[in-house]
Structure formats: structure tokens, C-alpha cells
Amino acid sequence: MDEAEYYKMAEVEDRMWYYRSLHGHCARLLAAHLGSRSAAVLDAGCGTGGMIRHLESTLPAARLTGLDFSPLACRLARSRVRAPIVEGSVAAMPFEAAAFDVVVSADVLYELDRPAAALAEFSRCLRPGGWVVLNVPAYRWLWSYHDVAVRSKRRFVRSEIAGLLAAAGFAVELNTHWNALLFPLIVAKRKLFARATDTSDVKSYPAPVEAACRCMMTVEHAWLRLGGIWAWGSSILAVGRKRP
């Protein structure tokens with residue numbers, strides 16, 4: 001990812017509708033699986049620390065660690081969170097086997113030449129019965145200026161994520177799209193109304209736009225809390241449990 005994108009992320013991820021929803025999804029799933037017990041949680045590909053900031057406030061008993069390949073991202077994250085931040089690759093993680101109860105990896109696999117190598121590392125570093133929570137961009141046909149700006153190498157379909165999890169020794173517990181209600185607008189912006197000057201969609205939006213997006217995300221969260229899934233959407237959220 002370009003350095004400019006890391007600075008943009010650090011500036012907006014605490015308030016932008018997308019990150020607020022993504023962090024809320026992951027916190028909800030962790031709370032459901034961990035409850036209030038102390039657990040070792042790794043944010044693999046932590047970027048500038050927004051996920052960890054959210055988890056520090058919503059899961060205070062969790063023992064959080066961040067990992068990122070970018071020295072700049074690590075530096076920005078260390079300035080924003082209390083948790084230790086380690087520099088390293090998700091495809092060769094500098095941790096002992098069975099060191100964590102949960103690995104969260106949000107919007108990371110799309111940057112890798114070999115996502116399966118990262119899934120193998122997540123499995124190695126998880127205790128038996130541990131959980132991995134993934135978020136990835138959906139649909140190859142949705143490739144756009146945004147993917148170019150964030151140096152994406154791929155987008156995924158749900159069956160591909162299920163296959164990657166199974167091959168790494170995980171039982172798939174959840175595999176759903178989200179960003180479903182906003183999906184028509186996302187498609188229109190990226191495929192119909194894209195401009196040559198567009199960079200990534202990581203930015204601050206006018207207050208009415210943010211409010212409308214957050215309202216739609218509230219509906220999506222409610223549906224998932226009730227046990228539903230979304231059959232379409234610009235992102236895929238998946239949970240796998242490491243087999244004993």
C-alpha cells in the first residue's frame with residue numbers, strides 16, 4: 001500500500017462508516033466467541049491500529065497484539081494504541097506455535113501473492129479450537145481504481161474463502177457478504193462513474209452521507225446478529241475454527 005494511504009487510513013478510520021462497521025463486525029464476533037474471558041488476540045495486518053483501538057475499548061480483557069509488514073503502519077499504530085505492535089509478514093509470522101486464541105485479519109489477504117501461506121500461518125499460531133476472523137473484498141469483476149490505489153492483487157468469492165479456510169485446517173463457522181445495502185451505490189461509483197483522478201475510497205465524507213451509511217450498516221449488523229447472512233455485498237466476512 002502507498003504511504004499516502006496509510007496516512008489517510010490513520011486520519012479517518014476512527015470515524016469513517018466503513019471502518020466503524022468493519023471494527024464493529026469483528027468486535028461482535030470476538031465477543032460472541034470469547035465472552036469476557038482473557039484471551040490472546042492477534043490483529044494480523046493491523047495497519048495503523050484502528051481495529052486494535054476499537055477492541056481495546058470493547059474487549060478490555062483481551063490481550064491484544066498487532067502485526068504489520070509496513071514500518072510506517074507500525075509506527076502510526078504504536079502512537080495510537082497500548083498493545084504491542086510487531087513488524088513482520090503475515091506469511092511468516094514471528095510468533096511461536098499455538099500462541100493465540102484468535103487471529104483477526106481484516107483487508108489483508110488481498111495484498112498477498114499466496115493467501116494460503118497466511119492462512120497456514122494463522123493456523124500454526126492458533127491454539128486448537130482457536131478462531132480466525134477474516135474480511136476481504138468481494139468479486140473480481142468489481143476491480144476498480146480503489147484496488148489500484150491500495151495495491152490490491154485480488155478480490156475473492158465466498159467459495160474461495162471457504163476453500164482456503166478448509167485447506168488450512170479450519171471448520172467454516174460463518175461466510176457472508178456485507179456492504180449489501182450500499183452495494184448498488186458502490187458498483188455505480190466504481191464501475192459507472194469512476195474518474196481518471198480517483199484514488200481510494202478511504203476518505204472523509206459529508207456528515208449526511210456518513211449518517212446515511214451508518215444507518216444502513218446498523219440494519220446489516222442487526223440481520224447478522226439474528227443469524228442471517230447476506231448473499232451479496234462488496235466485502236466478505238468469514239470465521240473459521242481450528243480443528244483439534
# chains A, B, ... in the order shown; residues from 1 in each chain; ligands from 1
>>> closest_atom_pairs(of="region 34-139 of chain A", to="region 12-24 of chain A", cutoff="7 Å", atoms="only C-alpha atoms", output="tab-separated table")
residue	atom	partner	partner_atom	distance
A:Gly50	CA	A:Glu13	CA	6.0
A:Met51	CA	A:His23	CA	5.6
A:His54	CA	A:His23	CA	6.6
>>> closest_atom_pairs(of="region 42-123 of chain A", to="region 170-173 of chain A", cutoff="10 Å", atoms="only C-alpha atoms", output="Markdown table")
| residue | atom | partner | partner_atom | distance |
| --- | --- | --- | --- | --- |
| A:Leu119 | CA | A:Phe170 | CA | 9.3 |
| A:Ala120 | CA | A:Phe170 | CA | 9.9 |
| A:Ser123 | CA | A:Phe170 | CA | 7.7 |
>>> closest_residue(among="A:Ala180, A:Val41, A:Ala10, A:Ala194", to="Thr218 (chain A)", atoms="only C-alpha atoms")
A:Ala180
>>> select_by_dssp(residues="region 83-120 of chain A", states="alpha helix (DSSP H)", output="VMD selection string")
chain A and resid 115 to 120
>>> select_by_dssp(residues="region 57-211 of chain A", states="strand (DSSP E or B)", output="VMD selection string")
chain A and resid 63 to 68 85 to 87 89 92 100 to 106 126 to 138 156 170 to 178
>>> write_last_selection(atoms="C-alpha atoms", output="short mmCIF file (atom, residue, chain, number, x, y, z; two decimals), in the first residue's frame")
data_model
loop_
_atom_site.label_atom_id
_atom_site.label_comp_id
_atom_site.auth_asym_id
_atom_site.auth_seq_id
_atom_site.Cartn_x
_atom_site.Cartn_y
_atom_site.Cartn_z
CA ARG A 63 -4.58 -9.45 25.40
CA LEU A 64 -4.05 -7.73 22.06
CA THR A 65 -1.06 -7.80 19.73
CA GLY A 66 -0.68 -6.17 16.31
CA LEU A 67 1.45 -7.29 13.38
CA ASP A 68 2.13 -5.40 10.16
CA ILE A 85 2.94 -3.83 17.63
CA VAL A 86 5.34 -6.20 15.87
CA GLU A 87 6.80 -5.64 12.42
CA SER A 89 4.82 -10.63 7.48
CA ALA A 92 5.90 -15.83 8.05
CA PHE A 100 -3.08 -17.05 20.23
CA ASP A 101 -6.73 -17.80 20.86
CA VAL A 102 -7.95 -15.61 17.98
CA VAL A 103 -6.39 -14.19 14.82
CA VAL A 104 -8.20 -11.29 13.14
CA SER A 105 -7.08 -10.35 9.63
CA ALA A 106 -9.13 -7.59 8.05
CA LEU A 126 -3.62 -20.58 16.86
CA ARG A 127 -4.31 -22.97 19.70
CA PRO A 128 -6.52 -25.99 18.87
CA GLY A 129 -10.09 -24.76 18.80
CA GLY A 130 -8.94 -21.18 18.18
CA TRP A 131 -10.72 -18.80 15.81
CA VAL A 132 -9.74 -16.84 12.74
CA VAL A 133 -11.83 -13.87 11.62
CA LEU A 134 -11.29 -12.67 8.04
CA ASN A 135 -12.51 -9.75 5.99
CA VAL A 136 -11.73 -9.49 2.27
CA PRO A 137 -13.02 -7.56 -0.77
CA ALA A 138 -15.53 -9.41 -2.95
CA PHE A 156 -12.49 -13.04 -3.65
CA PHE A 170 -10.40 -24.65 9.72
CA ALA A 171 -14.06 -25.51 10.01
CA VAL A 172 -16.07 -22.68 8.46
CA GLU A 173 -18.43 -21.16 11.03
CA LEU A 174 -19.50 -18.05 9.09
CA ASN A 175 -19.10 -16.98 5.48
CA THR A 176 -21.21 -13.96 4.50
CA HIS A 177 -21.10 -10.85 2.38
CA TRP A 178 -21.73 -7.43 3.87
#
>>> residues_around(residues="Ala167 (chain A)", least_positions_apart="6", cutoff="12 Å", atoms="only C-alpha atoms", output="number ranges by chain")
A: 115-120, 123, 160-161, 240, 242-243
>>> closest_residue(among="A:Leu224, A:Ile236, A:Leu142, A:Ala211", to="Arg190 (chain A)", atoms="only C-alpha atoms")
A:Leu142
>>> atom_distance(atom1="CA of Met217 (chain A)", atom2="CA of Gly49 (chain A)")
21.6 Å
